[in-house]
Amino acid sequence: MHSLLIRILRIFPDYFETARECLSTGSSRRLEVVHAVIFRKDKILFALRAHLRGWELPGGSLLPGESEETALIREVKEETGLEVTVERKVGSYRRTGLVPHKASVFRCRVNSGLMTPSEETPHLAWFRLQELPSTLFPWFRSELLDALANYEEEVNRIESQGLKVVMAAIWIDLAMRVSGDRAGGVAPVDESILHEP
């Protein structure tokens, strides 16, 4: 009971940090992020976000003057410890609502490295494509479906992230905290998968 109370009390500083990141106006440029869809056979790599608990695709924000692919390779290395090669761009997602931003999504393959969690992503796991966790943040589902579809052209989508999406994210966060990050309905694949060719 004591550890559950501690996990719940950690909500407040984490939500404050998430809100600060979302509402930060320190830059006049539009927020741009990159996400990596990393497949290995019939499995996909997800990272657990630190502040707003839930599974997501690895990635992050571009630095000033940085190309999308350079930012993606850097962010994946920082968050997972893995060196990746970009295979192709899946598409661009312009999101309106609480945190307007543009997300660029790329299919990648692992070249080398040892899977290593980071401060931003304290847990990493492979999941079977047929058994995705229910605690995957909803905005990553369209990115993943487009990556699986293998369209000949890059997709360009406009998506609204209104109150329904915000409430879903909060629900996922609470479920993860109460369960000690075990919520989601499915277990990750054993890490021995990393040793498969």
# chains A, B, ... in the order shown; residues from 1 in each chain; ligands from 1

$ residues_around --residues "Asp146 of chain A" --least-positions-apart "5" --cutoff "9 Å" --atoms "only C-alpha atoms" --output "MDAnalysis selection string"
chainID A and resid 90:91 141 151 155

$ residues_around --residues "segment 117-130 of chain A" --least-positions-apart "4" --cutoff "6 Å" --atoms "only C-alpha atoms" --output "JSON, numbers by chain"
{"A": [42, 43, 44, 45, 46, 47, 48, 49, 50, 79, 80, 188, 189]}

$ residues_around --residues "Phe140 of chain A" --least-positions-apart "6" --cutoff "10 Å" --atoms "only C-alpha atoms" --output "list of chain:residue names"
A:His35, A:Val37, A:Trp55, A:Glu56, A:Leu57, A:Val105

$ atom_distance --atom1 "atom CA of Lys89 of chain A" --atom2 "atom CA of Glu154 of chain A"
6.5 Å

$ closest_residue --among "A:Ala147, A:Leu31, A:Leu132, A:Val76" --to "Val110 of chain A" --atoms "only C-alpha atoms"
A:Val76

$ closest_residue --among "A:Ala183, A:Ala149, A:Ala36, A:Val99" --to "Lys77 of chain A" --atoms "only C-alpha atoms"
A:Ala36

$ select_by_dssp --residues "segment 78-191 of chain A" --states "strand (DSSP E or B)" --output "MDAnalysis selection string"
chainID A and resid 82:97 101:113 123:128 136 155:161 189

$ write_last_selection --atoms "C-alpha atoms" --output "compact mmCIF listing (two decimals), in the first residue's frame"
# COMPACT_ATOMS: atom_id res chain seq x y z
CA LEU A 82 20.64 1.49 -30.09
CA GLU A 83 22.25 2.65 -33.34
CA VAL A 84 19.67 2.68 -36.13
CA THR A 85 19.56 3.20 -39.87
CA VAL A 86 16.60 5.06 -41.33
CA GLU A 87 14.92 2.92 -43.99
CA ARG A 88 12.22 5.34 -45.12
CA LYS A 89 9.93 8.12 -44.03
CA VAL A 90 6.44 6.90 -43.19
CA GLY A 91 4.85 10.36 -43.08
CA SER A 92 4.15 13.66 -41.39
CA TYR A 93 1.45 14.27 -38.81
CA ARG A 94 0.35 17.81 -38.07
CA ARG A 95 -1.41 17.79 -34.73
CA THR A 96 -3.69 20.48 -33.44
CA GLY A 97 -5.12 20.85 -29.95
CA HIS A 101 3.21 20.11 -33.30
CA LYS A 102 4.46 18.29 -36.36
CA ALA A 103 5.60 14.68 -35.98
CA SER A 104 7.71 13.00 -38.65
CA VAL A 105 7.76 9.21 -38.49
CA PHE A 106 10.41 6.89 -39.94
CA ARG A 107 10.83 3.13 -40.26
CA CYS A 108 14.23 2.10 -38.92
CA ARG A 109 16.33 -0.98 -38.40
CA VAL A 110 18.79 -1.68 -35.60
CA ASN A 111 22.45 -1.79 -36.62
CA SER A 112 24.12 -2.23 -33.26
CA GLY A 113 24.07 -1.30 -29.61
CA HIS A 123 11.84 0.98 -19.58
CA LEU A 124 12.20 -0.43 -23.10
CA ALA A 125 10.42 -3.50 -24.43
CA TRP A 126 9.63 -5.44 -27.58
CA PHE A 127 5.97 -6.30 -28.17
CA ARG A 128 4.43 -8.61 -30.74
CA LEU A 136 0.25 2.64 -25.85
CA VAL A 155 1.33 10.01 -45.67
CA ASN A 156 0.36 13.49 -44.55
CA ARG A 157 -2.26 13.61 -41.83
CA ILE A 158 -3.87 16.31 -39.75
CA GLU A 159 -5.03 15.04 -36.36
CA SER A 160 -6.78 16.84 -33.53
CA GLN A 161 -5.66 16.10 -30.00
CA VAL A 189 8.53 -10.30 -25.36

$ atom_distance --atom1 "atom CA of Leu163 of chain A" --atom2 "atom CA of Phe137 of chain A"
14.0 Å

$ select_by_dssp --residues "chain A" --states "alpha helix (DSSP H)" --output "ChimeraX atom specification"
/A:2-9,11-23,68-80,139-149,163-178

$ closest_residue --among "A:Glu152, A:Lys41, A:Val33, A:Gly81" --to "Gly59 of chain A" --atoms "only C-alpha atoms"
A:Val33

$ atom_distance --atom1 "atom CA of Leu62 of chain A" --atom2 "atom CA of Glu153 of chain A"
23.4 Å

$ residues_around --residues "Ile172 of chain A" --least-positions-apart "2" --cutoff "12 Å" --atoms "only C-alpha atoms" --output "PyMOL selection string"
chain A and resi 48-49+52-56+133-138+165-170+174-179+181-185

$ write_last_selection --atoms "C-alpha atoms" --output "compact mmCIF listing (two decimals), in the first residue's frame"
# COMPACT_ATOMS: atom_id res chain seq x y z
CA LEU A 48 8.03 3.88 -21.52
CA ARG A 49 7.82 7.63 -21.02
CA LEU A 52 3.55 10.77 -18.39
CA ARG A 53 3.67 6.98 -17.96
CA GLY A 54 2.74 5.04 -21.05
CA TRP A 55 4.29 3.25 -24.03
CA GLU A 56 5.44 5.24 -27.05
CA PRO A 133 -0.34 -2.96 -24.98
CA SER A 134 -3.54 -1.02 -24.31
CA THR A 135 -1.30 1.51 -22.55
CA LEU A 136 0.25 2.64 -25.85
CA PHE A 137 -0.53 6.36 -26.16
CA PRO A 138 -3.30 6.77 -28.76
CA VAL A 165 -7.02 12.24 -26.26
CA VAL A 166 -5.87 14.10 -23.13
CA MET A 167 -8.21 12.05 -20.94
CA ALA A 168 -7.01 8.81 -22.58
CA ALA A 169 -3.39 9.79 -21.83
CA ILE A 170 -4.23 10.54 -18.19
CA LEU A 174 -2.82 6.33 -13.90
CA ALA A 175 -3.16 2.68 -14.94
CA MET A 176 0.60 2.38 -15.36
CA ARG A 177 1.33 4.00 -11.99
CA VAL A 178 -1.18 1.89 -10.06
CA SER A 179 0.12 -1.33 -11.66
CA ASP A 181 4.15 -0.10 -15.03
CA ARG A 182 2.62 -3.52 -15.70
CA ALA A 183 -0.70 -2.34 -17.14
CA GLY A 184 -1.52 -2.90 -20.77
CA GLY A 185 -3.02 -6.36 -21.00

$ residues_around --residues "Leu63 of chain A" --least-positions-apart "5" --cutoff "10 Å" --atoms "only C-alpha atoms" --output "PyMOL selection string"
chain A and resi 32-33+68+70-71

$ write_last_selection --atoms "N, CA and C atoms" --output "PDB file, in the first residue's frame"
ATOM      1  N   GLU A  32       8.653  20.525 -33.410  1.00  0.00           N
ATOM      2  CA  GLU A  32       8.792  19.429 -34.363  1.00  0.00           C
ATOM      3  C   GLU A  32       9.421  18.247 -33.647  1.00  0.00           C
ATOM      4  N   VAL A  33       8.819  17.069 -33.830  1.00  0.00           N
ATOM      5  CA  VAL A  33       9.337  15.854 -33.211  1.00  0.00           C
ATOM      6  C   VAL A  33       9.503  14.771 -34.264  1.00  0.00           C
ATOM      7  N   GLU A  68      15.752  16.091 -39.782  1.00  0.00           N
ATOM      8  CA  GLU A  68      14.873  15.099 -39.147  1.00  0.00           C
ATOM      9  C   GLU A  68      15.601  13.785 -38.916  1.00  0.00           C
ATOM     10  N   THR A  70      18.866  13.143 -38.727  1.00  0.00           N
ATOM     11  CA  THR A  70      19.931  13.279 -37.722  1.00  0.00           C
ATOM     12  C   THR A  70      19.333  13.293 -36.316  1.00  0.00           C
ATOM     13  N   ALA A  71      18.241  14.051 -36.153  1.00  0.00           N
ATOM     14  CA  ALA A  71      17.574  14.113 -34.845  1.00  0.00           C
ATOM     15  C   ALA A  71      17.057  12.738 -34.433  1.00  0.00           C
TER      16      ALA A  71
END

$ decode --residues "segment 39-73 of chain A" --atoms "N, CA and C atoms" --output "PDB file, in the first residue's frame"
ATOM      1  N   PHE A  39      11.151  -2.220 -36.133  1.00  0.00           N
ATOM      2  CA  PHE A  39      10.653  -3.589 -36.172  1.00  0.00           C
ATOM      3  C   PHE A  39      11.814  -4.562 -36.055  1.00  0.00           C
ATOM      4  N   ARG A  40      11.512  -5.734 -35.515  1.00  0.00           N
ATOM      5  CA  ARG A  40      12.442  -6.863 -35.512  1.00  0.00           C
ATOM      6  C   ARG A  40      11.573  -8.093 -35.670  1.00  0.00           C
ATOM      7  N   LYS A  41      11.578  -8.652 -36.884  1.00  0.00           N
ATOM      8  CA  LYS A  41      10.668  -9.732 -37.246  1.00  0.00           C
ATOM      9  C   LYS A  41       9.228  -9.247 -37.014  1.00  0.00           C
ATOM     10  N   ASP A  42       8.461  -9.946 -36.155  1.00  0.00           N
ATOM     11  CA  ASP A  42       7.063  -9.554 -35.936  1.00  0.00           C
ATOM     12  C   ASP A  42       6.899  -8.771 -34.635  1.00  0.00           C
ATOM     13  N   LYS A  43       7.974  -8.063 -34.234  1.00  0.00           N
ATOM     14  CA  LYS A  43       7.950  -7.323 -32.974  1.00  0.00           C
ATOM     15  C   LYS A  43       8.305  -5.865 -33.204  1.00  0.00           C
ATOM     16  N   ILE A  44       7.870  -5.024 -32.265  1.00  0.00           N
ATOM     17  CA  ILE A  44       8.155  -3.598 -32.351  1.00  0.00           C
ATOM     18  C   ILE A  44       8.673  -3.108 -31.003  1.00  0.00           C
ATOM     19  N   LEU A  45       9.576  -2.149 -31.058  1.00  0.00           N
ATOM     20  CA  LEU A  45      10.177  -1.609 -29.849  1.00  0.00           C
ATOM     21  C   LEU A  45       9.386  -0.398 -29.359  1.00  0.00           C
ATOM     22  N   PHE A  46       9.010  -0.424 -28.077  1.00  0.00           N
ATOM     23  CA  PHE A  46       8.364   0.716 -27.433  1.00  0.00           C
ATOM     24  C   PHE A  46       9.209   1.165 -26.248  1.00  0.00           C
ATOM     25  N   ALA A  47       9.102   2.443 -25.945  1.00  0.00           N
ATOM     26  CA  ALA A  47       9.766   3.032 -24.781  1.00  0.00           C
ATOM     27  C   ALA A  47       8.688   3.512 -23.825  1.00  0.00           C
ATOM     28  N   LEU A  48       8.956   3.384 -22.534  1.00  0.00           N
ATOM     29  CA  LEU A  48       8.026   3.879 -21.521  1.00  0.00           C
ATOM     30  C   LEU A  48       8.433   5.298 -21.157  1.00  0.00           C
ATOM     31  N   ARG A  49       7.538   6.236 -21.345  1.00  0.00           N
ATOM     32  CA  ARG A  49       7.822   7.631 -21.022  1.00  0.00           C
ATOM     33  C   ARG A  49       7.941   7.803 -19.509  1.00  0.00           C
ATOM     34  N   ALA A  50       8.838   8.675 -19.076  1.00  0.00           N
ATOM     35  CA  ALA A  50       9.093   8.851 -17.645  1.00  0.00           C
ATOM     36  C   ALA A  50       8.040   9.708 -16.952  1.00  0.00           C
ATOM     37  N   HIS A  51       7.709  10.862 -17.510  1.00  0.00           N
ATOM     38  CA  HIS A  51       6.828  11.790 -16.794  1.00  0.00           C
ATOM     39  C   HIS A  51       5.355  11.440 -16.952  1.00  0.00           C
ATOM     40  N   LEU A  52       4.921  11.197 -18.145  1.00  0.00           N
ATOM     41  CA  LEU A  52       3.550  10.768 -18.395  1.00  0.00           C
ATOM     42  C   LEU A  52       3.673   9.301 -18.755  1.00  0.00           C
ATOM     43  N   ARG A  53       3.369   8.406 -17.806  1.00  0.00           N
ATOM     44  CA  ARG A  53       3.667   6.985 -17.960  1.00  0.00           C
ATOM     45  C   ARG A  53       2.792   6.358 -19.033  1.00  0.00           C
ATOM     46  N   GLY A  54       3.423   5.725 -19.980  1.00  0.00           N
ATOM     47  CA  GLY A  54       2.739   5.035 -21.054  1.00  0.00           C
ATOM     48  C   GLY A  54       3.747   4.672 -22.127  1.00  0.00           C
ATOM     49  N   TRP A  55       3.393   3.699 -22.973  1.00  0.00           N
ATOM     50  CA  TRP A  55       4.294   3.254 -24.027  1.00  0.00           C
ATOM     51  C   TRP A  55       4.214   4.184 -25.224  1.00  0.00           C
ATOM     52  N   GLU A  56       5.352   4.368 -25.874  1.00  0.00           N
ATOM     53  CA  GLU A  56       5.439   5.241 -27.049  1.00  0.00           C
ATOM     54  C   GLU A  56       6.535   4.742 -27.976  1.00  0.00           C
ATOM     55  N   LEU A  57       6.568   5.299 -29.177  1.00  0.00           N
ATOM     56  CA  LEU A  57       7.672   5.051 -30.094  1.00  0.00           C
ATOM     57  C   LEU A  57       8.854   5.908 -29.661  1.00  0.00           C
ATOM     58  N   PRO A  58      10.081   5.396 -29.736  1.00  0.00           N
ATOM     59  CA  PRO A  58      11.231   6.226 -29.376  1.00  0.00           C
ATOM     60  C   PRO A  58      11.337   7.440 -30.291  1.00  0.00           C
ATOM     61  N   GLY A  59      11.859   8.522 -29.746  1.00  0.00           N
ATOM     62  CA  GLY A  59      12.060   9.737 -30.538  1.00  0.00           C
ATOM     63  C   GLY A  59      12.060  10.961 -29.664  1.00  0.00           C
ATOM     64  N   GLY A  60      12.016  12.118 -30.291  1.00  0.00           N
ATOM     65  CA  GLY A  60      12.030  13.360 -29.535  1.00  0.00           C
ATOM     66  C   GLY A  60      12.089  14.573 -30.442  1.00  0.00           C
ATOM     67  N   SER A  61      12.495  15.686 -29.865  1.00  0.00           N
ATOM     68  CA  SER A  61      12.481  16.971 -30.560  1.00  0.00           C
ATOM     69  C   SER A  61      13.755  17.210 -31.357  1.00  0.00           C
ATOM     70  N   LEU A  62      13.603  17.987 -32.426  1.00  0.00           N
ATOM     71  CA  LEU A  62      14.745  18.416 -33.206  1.00  0.00           C
ATOM     72  C   LEU A  62      15.467  19.548 -32.497  1.00  0.00           C
ATOM     73  N   LEU A  63      16.777  19.562 -32.589  1.00  0.00           N
ATOM     74  CA  LEU A  63      17.563  20.689 -32.124  1.00  0.00           C
ATOM     75  C   LEU A  63      17.625  21.729 -33.241  1.00  0.00           C
ATOM     76  N   PRO A  64      17.870  22.995 -32.917  1.00  0.00           N
ATOM     77  CA  PRO A  64      17.954  24.024 -33.964  1.00  0.00           C
ATOM     78  C   PRO A  64      18.964  23.642 -35.046  1.00  0.00           C
ATOM     79  N   GLY A  65      18.537  23.711 -36.301  1.00  0.00           N
ATOM     80  CA  GLY A  65      19.403  23.417 -37.432  1.00  0.00           C
ATOM     81  C   GLY A  65      19.614  21.944 -37.721  1.00  0.00           C
ATOM     82  N   GLU A  66      18.976  21.075 -36.958  1.00  0.00           N
ATOM     83  CA  GLU A  66      19.166  19.638 -37.116  1.00  0.00           C
ATOM     84  C   GLU A  66      18.173  19.079 -38.126  1.00  0.00           C
ATOM     85  N   SER A  67      18.621  18.164 -38.979  1.00  0.00           N
ATOM     86  CA  SER A  67      17.709  17.520 -39.926  1.00  0.00           C
ATOM     87  C   SER A  67      16.866  16.485 -39.179  1.00  0.00           C
ATOM     88  N   GLU A  68      15.752  16.091 -39.782  1.00  0.00           N
ATOM     89  CA  GLU A  68      14.873  15.099 -39.147  1.00  0.00           C
ATOM     90  C   GLU A  68      15.601  13.785 -38.916  1.00  0.00           C
ATOM     91  N   GLU A  69      16.323  13.299 -39.932  1.00  0.00           N
ATOM     92  CA  GLU A  69      17.000  12.007 -39.795  1.00  0.00           C
ATOM     93  C   GLU A  69      18.116  12.053 -38.761  1.00  0.00           C
ATOM     94  N   THR A  70      18.866  13.143 -38.727  1.00  0.00           N
ATOM     95  CA  THR A  70      19.931  13.279 -37.722  1.00  0.00           C
ATOM     96  C   THR A  70      19.333  13.293 -36.316  1.00  0.00           C
ATOM     97  N   ALA A  71      18.241  14.051 -36.153  1.00  0.00           N
ATOM     98  CA  ALA A  71      17.574  14.113 -34.845  1.00  0.00           C
ATOM     99  C   ALA A  71      17.057  12.738 -34.433  1.00  0.00           C
ATOM    100  N   LEU A  72      16.494  12.010 -35.368  1.00  0.00           N
ATOM    101  CA  LEU A  72      15.940  10.692 -35.075  1.00  0.00           C
ATOM    102  C   LEU A  72      17.042   9.734 -34.597  1.00  0.00           C
ATOM    103  N   ILE A  73      18.135   9.682 -35.331  1.00  0.00           N
ATOM    104  CA  ILE A  73      19.240   8.789 -34.964  1.00  0.00           C
ATOM    105  C   ILE A  73      19.779   9.165 -33.587  1.00  0.00           C
TER     106      ILE A  73
END
